[in-house]
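Just final-v2.cif here, mmCIF, C-alpha atoms:
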```cif
data_protein
#
loop_
_atom_site.label_atom_id
_atom_site.label_comp_id
_atom_site.auth_asym_id
_atom_site.auth_seq_id
_atom_site.Cartn_x
_atom_site.Cartn_y
_atom_site.Cartn_z
CA ALA A 1 -59.34 46.83 44.89
CA GLY A 2 -60.97 49.79 46.52
CA GLY A 3 -64.59 50.89 46.40
CA CYS A 4 -67.17 52.83 48.45
CA CYS A 5 -66.36 53.99 51.95
CA GLY A 6 -62.61 53.46 51.32
CA SER A 7 -62.75 49.65 51.58
CA ASP A 8 -59.33 47.95 51.04
CA VAL A 9 -60.68 44.46 50.48
CA LYS A 10 -59.31 42.82 47.32
CA GLN A 11 -61.60 40.77 45.18
CA TYR A 12 -60.34 38.16 42.70
CA VAL A 13 -62.60 37.22 39.82
CA TYR A 14 -61.62 34.16 37.72
CA GLY A 15 -63.41 33.63 34.45
CA GLY A 16 -66.40 35.84 35.37
CA TRP A 17 -67.40 39.48 35.92
CA ALA A 18 -67.88 41.92 38.77
CA TRP A 19 -68.98 45.52 39.48
CA ALA A 20 -66.30 48.18 39.69
CA TRP A 21 -66.79 51.74 40.97
CA TRP A 22 -65.66 54.22 38.45
CA CYS A 23 -62.70 56.32 39.53
CA ILE A 24 -62.47 54.77 42.98
CA THR A 25 -61.95 51.07 42.15
CA ASP A 26 -58.53 49.86 40.87
CA THR A 27 -58.96 47.09 38.33
CA GLN A 28 -56.02 45.07 36.87
CA ARG A 29 -55.87 41.95 34.72
CA ILE A 30 -53.41 39.05 34.60
CA SER A 31 -53.31 36.36 31.89
CA LEU A 32 -54.03 32.79 32.89
CA GLU A 33 -53.02 31.28 29.55
CA ILE A 34 -50.43 28.47 29.30
CA MET A 35 -46.89 29.72 28.77
CA THR A 36 -44.32 27.66 26.86
CA LEU A 37 -40.76 28.03 28.05
CA GLN A 38 -37.52 26.56 26.71
CA PRO A 39 -34.92 26.56 29.47
CA ARG A 40 -31.40 26.03 28.08
CA CYS A 41 -28.14 25.37 29.92
CA GLU A 42 -24.94 25.46 27.84
CA ASP A 43 -21.70 23.69 28.71
CA VAL A 44 -22.75 22.63 32.19
CA GLU A 45 -20.41 20.09 33.76
CA THR A 46 -22.00 16.87 34.97
CA ALA A 47 -20.91 14.79 37.94
CA GLU A 48 -18.14 13.26 35.78
CA GLY A 49 -16.91 16.65 34.53
CA VAL A 50 -18.34 16.27 31.00
CA ALA A 51 -19.78 19.55 29.67
CA LEU A 52 -23.32 19.14 28.30
CA THR A 53 -25.79 21.48 26.68
CA VAL A 54 -29.38 20.64 27.63
CA THR A 55 -32.54 22.18 26.21
CA GLY A 56 -35.94 21.54 27.83
CA VAL A 57 -39.55 22.42 27.12
CA ALA A 58 -41.81 23.46 30.00
CA GLN A 59 -45.53 24.28 30.02
CA VAL A 60 -46.51 26.56 32.95
CA LYS A 61 -49.52 28.66 33.94
CA ILE A 62 -50.77 30.74 36.86
CA MET A 63 -52.80 28.62 39.27
CA THR A 64 -56.46 29.60 39.83
CA GLU A 65 -56.84 28.62 43.50
CA LYS A 66 -57.67 31.73 45.48
CA GLU A 67 -54.64 31.72 47.74
CA LEU A 68 -52.21 30.84 44.97
CA LEU A 69 -53.88 33.24 42.57
CA ALA A 70 -53.48 35.99 45.18
CA VAL A 71 -49.78 35.13 45.44
CA ALA A 72 -49.38 35.25 41.68
CA CYS A 73 -51.19 38.55 41.48
CA GLU A 74 -48.98 39.92 44.19
CA GLN A 75 -45.88 38.82 42.26
CA PHE A 76 -46.80 39.53 38.65
CA LEU A 77 -49.79 41.90 38.57
CA GLY A 78 -48.99 44.81 36.34
CA LYS A 79 -46.34 42.84 34.37
CA ASN A 80 -46.75 41.52 30.89
CA VAL A 81 -46.54 37.86 29.90
CA GLN A 82 -42.91 38.09 28.77
CA ASP A 83 -41.80 39.34 32.17
CA VAL A 84 -43.53 36.39 33.82
CA LYS A 85 -41.86 34.00 31.38
CA ASN A 86 -38.42 35.44 32.11
CA VAL A 87 -38.80 34.99 35.87
CA VAL A 88 -40.05 31.41 35.59
CA LEU A 89 -37.44 30.60 32.88
CA GLN A 90 -34.54 31.74 35.05
CA THR A 91 -35.86 29.69 37.95
CA LEU A 92 -36.14 26.56 35.79
CA GLU A 93 -32.70 27.06 34.28
CA GLY A 94 -31.16 27.44 37.74
CA HIS A 95 -32.70 24.17 38.95
CA LEU A 96 -31.79 22.45 35.66
CA ARG A 97 -28.16 23.54 36.00
CA SER A 98 -27.93 22.39 39.63
CA ILE A 99 -29.45 18.97 38.85
CA LEU A 100 -27.07 18.48 35.88
CA GLY A 101 -24.13 18.78 38.24
CA THR A 102 -25.38 15.83 40.33
CA LEU A 103 -26.02 13.32 37.53
CA THR A 104 -23.79 11.38 35.14
CA VAL A 105 -24.01 11.66 31.39
CA GLU A 106 -25.42 8.14 31.15
CA GLN A 107 -28.22 8.95 33.62
CA ILE A 108 -29.15 12.10 31.71
CA TYR A 109 -28.93 10.58 28.24
CA GLN A 110 -30.41 7.15 28.84
CA ASP A 111 -33.30 8.13 31.15
CA ARG A 112 -34.54 11.53 30.07
CA ASP A 113 -37.98 11.05 31.60
CA GLN A 114 -36.52 10.45 35.03
CA PHE A 115 -34.26 13.47 34.58
CA ALA A 116 -37.21 15.68 33.57
CA LYS A 117 -39.29 14.35 36.46
CA LEU A 118 -36.46 15.19 38.88
CA VAL A 119 -36.22 18.75 37.52
CA ARG A 120 -39.99 19.20 37.74
CA GLU A 121 -40.10 17.93 41.34
CA VAL A 122 -37.24 20.17 42.46
CA ALA A 123 -38.47 23.32 40.67
CA ALA A 124 -42.20 22.90 41.45
CA PRO A 125 -42.02 24.19 45.08
CA ASP A 126 -40.10 27.32 44.07
CA VAL A 127 -42.36 28.30 41.20
CA GLY A 128 -45.39 27.24 43.28
CA ARG A 129 -44.51 29.89 45.83
CA MET A 130 -44.91 32.35 42.97
CA GLY A 131 -48.36 30.96 42.13
CA ILE A 132 -47.05 29.19 39.03
CA GLU A 133 -47.86 25.60 38.22
CA ILE A 134 -45.59 23.40 36.07
CA LEU A 135 -47.93 21.45 33.84
CA SER A 136 -45.19 19.52 32.04
CA PHE A 137 -41.45 19.46 31.64
CA THR A 138 -39.53 17.41 29.08
CA ILE A 139 -35.98 17.28 27.82
CA LYS A 140 -35.87 18.37 24.22
CA ASP A 141 -32.20 17.98 23.38
CA VAL A 142 -28.95 16.88 24.99
CA TYR A 143 -25.60 17.21 23.22
CA ASP A 144 -21.95 17.97 23.90
CA LYS A 145 -19.03 19.44 21.96
CA VAL A 146 -16.54 16.62 22.63
CA ASP A 147 -18.54 13.79 20.99
CA TYR A 148 -19.00 12.02 24.31
CA LEU A 149 -22.63 11.16 23.61
CA SER A 150 -21.88 9.98 20.09
CA SER A 151 -19.21 7.72 21.56
CA LEU A 152 -21.83 6.30 23.94
CA GLY A 153 -24.09 5.78 20.96
CA LYS A 154 -21.35 4.04 19.07
CA THR A 155 -20.63 1.86 22.07
CA GLN A 156 -24.31 0.95 22.41
CA THR A 157 -24.62 0.37 18.68
CA ALA A 158 -21.52 -1.81 18.74
CA ALA A 159 -22.91 -3.74 21.69
CA VAL A 160 -26.25 -4.24 19.92
CA ARG A 161 -24.50 -5.32 16.75
CA ARG A 162 -22.27 -7.62 18.76
CA ASP A 163 -25.29 -9.17 20.48
CA ALA A 164 -27.02 -9.49 17.12
CA ASP A 165 -23.95 -11.09 15.56
CA ILE A 166 -23.64 -13.42 18.53
CA GLY A 167 -27.31 -14.33 18.20
CA VAL A 168 -26.96 -14.94 14.49
CA ALA A 169 -23.80 -16.96 15.05
CA GLU A 170 -25.46 -19.03 17.76
CA ALA A 171 -28.48 -19.61 15.56
CA GLU A 172 -26.26 -20.57 12.65
CA ARG A 173 -24.24 -22.78 14.97
CA ASP A 174 -27.39 -24.55 16.26
CA ALA A 175 -28.67 -24.88 12.72
CA GLY A 176 -25.28 -26.17 11.57
CA ILE A 177 -25.17 -28.68 14.44
CA ARG A 178 -28.67 -29.91 13.66
CA GLU A 179 -27.88 -30.05 9.98
CA ALA A 180 -24.67 -31.98 10.69
CA GLU A 181 -26.57 -34.42 12.91
CA CYS A 182 -29.13 -34.98 10.17
CA LYS A 183 -26.39 -35.44 7.60
CA LYS A 184 -24.62 -37.87 9.92
CA GLU A 185 -27.77 -39.95 10.35
CA MET A 186 -28.33 -39.87 6.60
CA LEU A 187 -24.71 -40.86 5.95
CA ASP A 188 -24.93 -43.69 8.48
CA VAL A 189 -27.96 -45.10 6.74
CA LYS A 190 -26.39 -44.58 3.35
CA PHE A 191 -23.14 -46.19 4.54
CA MET A 192 -24.96 -49.27 5.76
CA ALA A 193 -26.83 -49.55 2.48
CA ASP A 194 -23.66 -49.00 0.49
CA THR A 195 -21.88 -51.61 2.61
CA LYS A 196 -24.53 -54.22 1.86
CA ILE A 197 -24.44 -53.32 -1.82
CA ALA A 198 -20.62 -53.52 -1.80
CA ASP A 199 -20.71 -56.93 -0.08
CA SER A 200 -23.12 -58.26 -2.69
CA ARG A 201 -21.06 -56.76 -5.48
CA ARG A 202 -17.81 -58.18 -4.03
CA ALA A 203 -19.29 -61.69 -3.81
CA PHE A 204 -20.49 -61.38 -7.39
CA GLU A 205 -17.12 -60.10 -8.59
CA LEU A 206 -15.28 -62.92 -6.75
CA GLN A 207 -17.47 -65.56 -8.33
CA LYS A 208 -17.10 -63.88 -11.70
CA ALA A 209 -13.32 -63.67 -11.26
CA ALA A 210 -13.14 -67.38 -10.40
CA PHE A 211 -15.00 -68.25 -13.56
CA SER A 212 -12.87 -65.86 -15.62
CA GLU A 213 -9.68 -67.30 -14.11
CA GLU A 214 -10.64 -70.84 -15.11
CA VAL A 215 -11.53 -69.71 -18.62
CA ASN A 216 -8.31 -67.69 -18.95
CA ILE A 217 -6.17 -70.65 -17.80
CA LYS A 218 -7.60 -72.91 -20.47
CA THR A 219 -7.27 -70.14 -23.06
CA ALA A 220 -3.65 -69.48 -22.04
CA GLU A 221 -2.72 -73.13 -22.22
CA ALA A 222 -4.13 -73.40 -25.72
CA GLN A 223 -2.45 -70.16 -26.78
CA LEU A 224 0.88 -71.27 -25.30
CA ALA A 225 0.77 -74.60 -27.12
CA TYR A 226 0.04 -72.80 -30.36
CA GLU A 227 2.86 -70.28 -29.84
CA LEU A 228 5.36 -73.04 -28.98
CA GLN A 229 4.57 -74.93 -32.14
CA SER A 230 4.72 -71.72 -34.16
CA ALA A 231 8.09 -70.84 -32.59
CA ARG A 232 9.50 -74.29 -33.52
CA GLU A 233 8.46 -73.80 -37.13
CA GLN A 234 9.90 -70.27 -37.21
CA GLN A 235 13.17 -71.54 -35.74
CA LYS A 236 13.55 -74.14 -38.50
CA ILE A 237 12.83 -71.55 -41.18
CA ARG A 238 15.32 -69.09 -39.65
CA GLN A 239 18.04 -71.75 -39.42
CA GLU A 240 17.71 -72.53 -43.09
CA GLU A 241 17.79 -68.81 -43.95
CA ILE A 242 21.00 -68.38 -41.89
CA GLU A 243 22.70 -71.25 -43.75
CA ILE A 244 21.81 -69.62 -47.06
CA GLU A 245 23.13 -66.24 -45.83
CA VAL A 246 26.42 -67.86 -44.70
CA VAL A 247 27.02 -69.39 -48.13
CA GLN A 248 26.22 -66.03 -49.80
CA ARG A 249 28.51 -64.19 -47.37
CA LYS A 250 31.43 -66.55 -48.06
CA LYS A 251 31.13 -65.96 -51.78
CA GLN A 252 30.92 -62.19 -51.25
CA ILE A 253 34.05 -62.28 -49.03
CA ASP A 254 36.04 -64.14 -51.72
CA VAL A 255 35.02 -61.55 -54.29
CA GLU A 256 35.92 -58.66 -51.94
CA GLU A 257 39.34 -60.18 -51.11
CA LYS A 258 40.21 -60.45 -54.77
CA GLU A 259 39.05 -56.85 -55.31
CA ILE A 260 41.20 -55.67 -52.41
CA ILE A 261 44.29 -57.39 -53.85
CA ARG A 262 43.65 -55.78 -57.21
CA MET A 263 43.19 -52.32 -55.68
CA GLU A 264 46.40 -52.70 -53.62
CA LYS A 265 48.42 -53.50 -56.71
CA GLU A 266 46.82 -50.59 -58.52
CA LEU A 267 47.57 -48.19 -55.66
CA ILE A 268 51.18 -49.40 -55.46
CA ALA A 269 51.63 -48.77 -59.14
CA THR A 270 49.81 -45.44 -59.37
CA VAL A 271 50.26 -43.83 -55.94
CA LYS A 272 52.84 -45.44 -53.69
CA ARG A 273 55.75 -45.55 -56.08
CA PRO A 274 55.40 -41.92 -57.34
CA ALA A 275 54.82 -40.75 -53.74
CA GLU A 276 57.95 -42.50 -52.51
CA ALA A 277 59.98 -40.94 -55.31
CA GLU A 278 58.62 -37.46 -54.57
CA ALA A 279 59.22 -37.89 -50.86
CA TYR A 280 62.80 -38.96 -51.50
CA ARG A 281 63.34 -35.93 -53.74
CA ILE A 282 61.90 -33.53 -51.15
CA GLN A 283 64.01 -35.18 -48.44
CA GLN A 284 67.20 -34.70 -50.43
CA ILE A 285 66.33 -31.03 -51.15
CA ALA A 286 65.58 -30.41 -47.47
CA GLU A 287 68.84 -31.99 -46.38
CA GLY A 288 70.77 -29.87 -48.91
CA GLU A 289 69.02 -26.69 -47.71
CA LYS A 290 69.78 -27.64 -44.13
CA VAL A 291 73.48 -28.13 -44.87
CA LYS A 292 73.50 -24.81 -46.75
CA GLN A 293 71.98 -22.94 -43.80
CA VAL A 294 74.42 -24.52 -41.37
CA LEU A 295 77.42 -23.56 -43.54
CA LEU A 296 76.10 -20.00 -43.95
CA ALA A 297 75.62 -19.66 -40.21
CA GLN A 298 79.13 -20.95 -39.53
CA ALA A 299 80.58 -18.51 -42.08
CA GLU A 300 78.68 -15.58 -40.57
CA ALA A 301 79.83 -16.51 -37.07
CA GLU A 302 83.45 -16.75 -38.27
CA LYS A 303 83.07 -13.38 -39.97
CA ILE A 304 81.75 -11.74 -36.81
CA ARG A 305 84.53 -13.31 -34.74
CA LYS A 306 87.23 -12.05 -37.15
CA ILE A 307 85.73 -8.54 -37.20
CA GLY A 308 85.60 -8.50 -33.40
CA GLU A 309 89.20 -9.58 -33.13
CA ALA A 310 90.27 -6.89 -35.62
CA GLU A 311 88.32 -4.15 -33.78
CA ALA A 312 89.78 -5.26 -30.47
CA PHE A 313 93.27 -5.14 -31.92
CA VAL A 314 92.65 -1.67 -33.35
CA ILE A 315 91.22 -0.40 -30.03
CA GLU A 316 94.14 -1.88 -28.17
CA ALA A 317 96.61 -0.29 -30.58
CA ILE A 318 94.89 3.12 -30.34
CA GLY A 319 94.85 2.90 -26.58
CA MET A 320 98.50 2.03 -26.43
CA ALA A 321 99.35 4.88 -28.84
CA GLU A 322 97.23 7.37 -26.81
CA ALA A 323 98.85 6.20 -23.61
CA GLU A 324 102.29 6.60 -25.16
CA ARG A 325 101.36 10.06 -26.42
CA MET A 326 100.09 11.14 -23.01
CA LYS A 327 103.23 9.71 -21.41
CA LEU A 328 105.50 11.59 -23.76
CA LYS A 329 103.43 14.76 -23.30
CA ALA A 330 103.62 14.45 -19.54
CA GLU A 331 107.37 13.94 -19.71
CA ALA A 332 107.71 16.97 -21.99
CA LEU A 333 105.59 19.11 -19.68
CA GLN A 334 107.60 17.98 -16.74
CA GLN A 335 110.82 18.74 -18.59
CA TYR A 336 109.82 22.22 -19.76
CA GLY A 337 107.83 23.14 -16.61
CA ASP A 338 105.89 26.40 -16.53
CA ALA A 339 106.96 27.38 -20.01
CA ALA A 340 105.30 24.30 -21.47
CA GLN A 341 102.11 24.92 -19.50
CA LEU A 342 102.07 28.50 -20.69
CA ALA A 343 102.53 27.36 -24.27
CA LEU A 344 99.59 25.03 -23.91
CA VAL A 345 97.47 27.80 -22.44
CA LEU A 346 98.44 30.21 -25.19
CA ASP A 347 97.67 27.55 -27.80
CA ALA A 348 94.23 27.01 -26.21
CA LEU A 349 93.34 30.69 -25.92
CA PRO A 350 92.21 31.12 -29.54
CA GLU A 351 89.91 28.13 -29.20
CA ILE A 352 88.50 29.50 -25.90
CA ALA A 353 87.98 32.93 -27.49
CA ALA A 354 86.22 31.31 -30.44
CA LYS A 355 83.84 29.44 -28.08
CA VAL A 356 83.12 32.57 -26.05
CA SER A 357 82.53 34.79 -29.08
CA ALA A 358 80.42 32.25 -31.00
CA PRO A 359 77.12 33.66 -29.64
CA LEU A 360 78.28 37.22 -30.53
CA SER A 361 78.63 36.22 -34.19
CA LYS A 362 74.84 36.19 -34.40
CA VAL A 363 74.58 39.82 -33.15
CA ASP A 364 74.29 42.53 -35.83
CA GLU A 365 75.38 45.46 -33.66
CA ILE A 366 77.01 45.87 -30.23
CA VAL A 367 76.51 49.07 -28.22
CA ILE A 368 78.88 49.70 -25.27
CA LEU A 369 77.42 51.95 -22.56
CA SER A 370 79.87 53.72 -20.26
CA GLY A 371 79.77 56.55 -17.76
CA GLU A 372 80.43 60.22 -18.39
CA GLY A 373 83.83 60.93 -19.84
CA GLY A 374 84.31 57.32 -20.91
CA SER A 375 85.45 56.19 -24.34
CA THR A 376 85.57 53.04 -26.41
CA THR A 377 89.33 52.76 -25.91
CA SER A 378 89.00 52.79 -22.14
CA GLU A 379 86.25 50.12 -22.26
CA VAL A 380 88.43 47.90 -24.49
CA ASN A 381 91.40 48.35 -22.15
CA ARG A 382 89.21 47.42 -19.21
CA LEU A 383 88.02 44.23 -20.96
CA LEU A 384 91.61 43.27 -21.86
CA ALA A 385 92.65 43.82 -18.24
CA GLU A 386 90.05 41.28 -17.13
CA ILE A 387 91.36 38.51 -19.49
CA PRO A 388 94.25 37.31 -17.19
CA ALA A 389 91.82 36.86 -14.31
CA SER A 390 89.45 34.83 -16.53
CA VAL A 391 92.31 32.65 -17.84
CA ARG A 392 93.52 32.05 -14.31
CA ALA A 393 89.99 31.05 -13.21
CA ILE A 394 89.70 28.60 -16.14
CA THR A 395 93.27 27.15 -16.43
CA GLY A 396 94.94 28.03 -13.15
CA VAL A 397 97.81 29.88 -14.96
CA ASP A 398 98.54 33.46 -13.94
CA LEU A 399 99.47 35.38 -17.11
CA THR A 400 100.61 38.42 -15.13
CA LYS A 401 103.59 36.45 -13.78
CA VAL A 402 104.78 35.30 -17.17
#
```
Take the structure I supplied and represent it as structure tokens, if you would.
Amino acid sequence: AGGCCGSDVKQYVYGGWAWAWWCITDTQRISLEIMTLQPRCEDVETAEGVALTVTGVAQVKIMTEKELLAVACEQFLGKNVQDVKNVVLQTLEGHLRSILGTLTVEQIYQDRDQFAKLVREVAAPDVGRMGIEILSFTIKDVYDKVDYLSSLGKTQTAAVRRDADIGVAEAERDAGIREAECKKEMLDVKFMADTKIADSRRAFELQKAAFSEEVNIKTAEAQLAYELQSAREQQKIRQEEIEIEVVQRKKQIDVEEKEIIRMEKELIATVKRPAEAEAYRIQQIAEGEKVKQVLLAQAEAEKIRKIGEAEAFVIEAIGMAEAERMKLKAEALQQYGDAAQLALVLDALPEIAAKVSAPLSKVDEIVILSGEGGSTTSEVNRLLAEIPASVRAITGVDLTKV
């Protein structure tokens, strides 16, 4: 720009050269090389709300047409290549993000070319107004963080495997049907052949059986006649043997009867008679022992009865004597009155004193504790003064009134 006479006309030179006035002409350069951009949109929600991360590859360059080149120079002249890339990259990412929000995951994943074409068509007018041309735009990578795409892949894989399995199964089924039909035809033919063979074999076996039956009948008749004659001869022989055995058995019985008689006589002489004598002796001894035991038992019972009667008589006599004694004592006490009761009490006092003092006989030393000014004599007098009260508590007799 600039030149002689202050001209403001701008001249654009593409791939060539031109004159420039030194100091008065402003000369600037802009690169026309192809720029590779990688627009990336992370976690952008699609039309179904699934967040995807999409990475694309775009090839762009500044267009060389004069009008568009002038626009590009107006926009980017004086900037380096990286600045140009940043502007175009942000534009592409904005269009990529907006288009992602209008498509489903299946549309993006299954038809990437159509998706890239749509992005290129939407972004081309905007970058074109900056003098930039989009040479190509492709989708490099599409993935998500929730395994939605992998699930689609698994579903597709499962569907393909299912179709393959169905195809294999149908092929095996058709092959099995054809094989079964062939086997059936083969079996039908084989069955007919086997039937004919079986019919021929049955006729042969029937004829053979008829011949064998006739032969067997004649053979059986001859065998039966032989066995009947043999049985008659065996019967005669056995009858004669039985007659001989009967005669021998009779003789053996006579001998055994005589032997039995002899053994009976011998047993009577050697066993029965001594045994009867011994049994008689034991019986007599047992009867004597039995009588002895009975007599002893009767004597013992009589002894016990006599002793019981004597003891009863003695007890009765003692009781009568004790009753008489108590009666006489009661009459005497009634006759003498209080004097007799007092005599009885006085007679019982030594025995009571002995019972009371029995525990004291085991004491080595007795210490009497009294108050100040006391003496042994006073303590003894006090103890003696308490005796009438004790006797009255025990016997009911008041010694102080005697």
For the file shown, report as a VMD selection string the outcome of the PyMOL selection byres ((chain A and resi 71) around 12) at residue level. chain A and resid 12 62 to 70 72 to 77 127 to 132
Write a file of the selected residues as a PDB file, keeping the file's coordinate frame, keeping C-alpha atoms.
```
ATOM      1  CA  TYR A  12     -60.340  38.160  42.700  1.00  0.00           C
ATOM      2  CA  ILE A  62     -50.770  30.740  36.860  1.00  0.00           C
ATOM      3  CA  MET A  63     -52.800  28.620  39.270  1.00  0.00           C
ATOM      4  CA  THR A  64     -56.460  29.600  39.830  1.00  0.00           C
ATOM      5  CA  GLU A  65     -56.840  28.620  43.500  1.00  0.00           C
ATOM      6  CA  LYS A  66     -57.670  31.730  45.480  1.00  0.00           C
ATOM      7  CA  GLU A  67     -54.640  31.720  47.740  1.00  0.00           C
ATOM      8  CA  LEU A  68     -52.210  30.840  44.970  1.00  0.00           C
ATOM      9  CA  LEU A  69     -53.880  33.240  42.570  1.00  0.00           C
ATOM     10  CA  ALA A  70     -53.480  35.990  45.180  1.00  0.00           C
ATOM     11  CA  ALA A  72     -49.380  35.250  41.680  1.00  0.00           C
ATOM     12  CA  CYS A  73     -51.190  38.550  41.480  1.00  0.00           C
ATOM     13  CA  GLU A  74     -48.980  39.920  44.190  1.00  0.00           C
ATOM     14  CA  GLN A  75     -45.880  38.820  42.260  1.00  0.00           C
ATOM     15  CA  PHE A  76     -46.800  39.530  38.650  1.00  0.00           C
ATOM     16  CA  LEU A  77     -49.790  41.900  38.570  1.00  0.00           C
ATOM     17  CA  VAL A 127     -42.360  28.300  41.200  1.00  0.00           C
ATOM     18  CA  GLY A 128     -45.390  27.240  43.280  1.00  0.00           C
ATOM     19  CA  ARG A 129     -44.510  29.890  45.830  1.00  0.00           C
ATOM     20  CA  MET A 130     -44.910  32.350  42.970  1.00  0.00           C
ATOM     21  CA  GLY A 131     -48.360  30.960  42.130  1.00  0.00           C
ATOM     22  CA  ILE A 132     -47.050  29.190  39.030  1.00  0.00           C
TER      23      ILE A 132
END
```
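Taking CA of Val54 (chain A) as the reference point, CA of Lys145 (chain A) is found at 11.9 Å.
Going from CA of Leu89 (chain A) to CA of Gln59 (chain A) covers 10.7 Å.
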Smallest atom-to-atom distance to Val105 (chain A): which of A:Leu118, A:Ile261, A:Val215, A:Val142, using all atoms listed in the file? A:Val142
CA of Asn86 (chain A) to CA of Gly15 (chain A), straight-line distance in Å: 25.2 Å
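With all atoms listed in the file as the atoms that count, the residue of A:Val291, A:Glu302, A:Gln252, A:Ser31 with the shortest distance to Gln82 (chain A) is A:Ser31.
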For a cutoff of 10 Å around the file-coordinate point (-21.0, 22.0, 28.1), which residues qualify once you count only C-alpha atoms? I'd like the result as a VMD selection string. chain A and resid 41 to 46 49 to 54 142 to 146
Just-selected residues, C-alpha atoms written as a tab-separated table (two decimals), in the frame of the given file:
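Output contents, as saved in result_33.tsv:
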```
chain	number	residue	atom	x	y	z
A	41	CYS	CA	-28.14	25.37	29.92
A	42	GLU	CA	-24.94	25.46	27.84
A	43	ASP	CA	-21.70	23.69	28.71
A	44	VAL	CA	-22.75	22.63	32.19
A	45	GLU	CA	-20.41	20.09	33.76
A	46	THR	CA	-22.00	16.87	34.97
A	49	GLY	CA	-16.91	16.65	34.53
A	50	VAL	CA	-18.34	16.27	31.00
A	51	ALA	CA	-19.78	19.55	29.67
A	52	LEU	CA	-23.32	19.14	28.30
A	53	THR	CA	-25.79	21.48	26.68
A	54	VAL	CA	-29.38	20.64	27.63
A	142	VAL	CA	-28.95	16.88	24.99
A	143	TYR	CA	-25.60	17.21	23.22
A	144	ASP	CA	-21.95	17.97	23.90
A	145	LYS	CA	-19.03	19.44	21.96
A	146	VAL	CA	-16.54	16.62	22.63
```
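Using only C-alpha atoms for every distance, the candidate list A:Glu170, A:Glu48, A:Asp83, A:Glu264 yields A:Glu48 as the residue closest to Leu100 (chain A).
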With all atoms listed in the file as the counted atoms, please give the residues lying no more than 10 Å from Ile139 (chain A), apart from itself and same-chain residues fewer than 4 positions off, as JSON, numbers by chain. {"A": [38, 39, 40, 54, 55, 56, 57, 58, 108, 109, 112, 113, 114, 115, 116, 117, 119]}
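Compared by their closest atoms to Thr25 (chain A), and using all atoms listed in the file, the residues A:Lys10, A:Gln90, A:Ile282, A:Phe137 rank with A:Lys10 nearest.
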Emit as JSON the padded axis-aligned box for all listed atoms of region 96-113 of chain A, 5 Å per side, with centre and edge lengths in Å to one decimal.
```
{"center_x": -30.9, "center_y": 15.3, "center_z": 34.3, "size_x": 24.2, "size_y": 26.4, "size_z": 22.1}
```
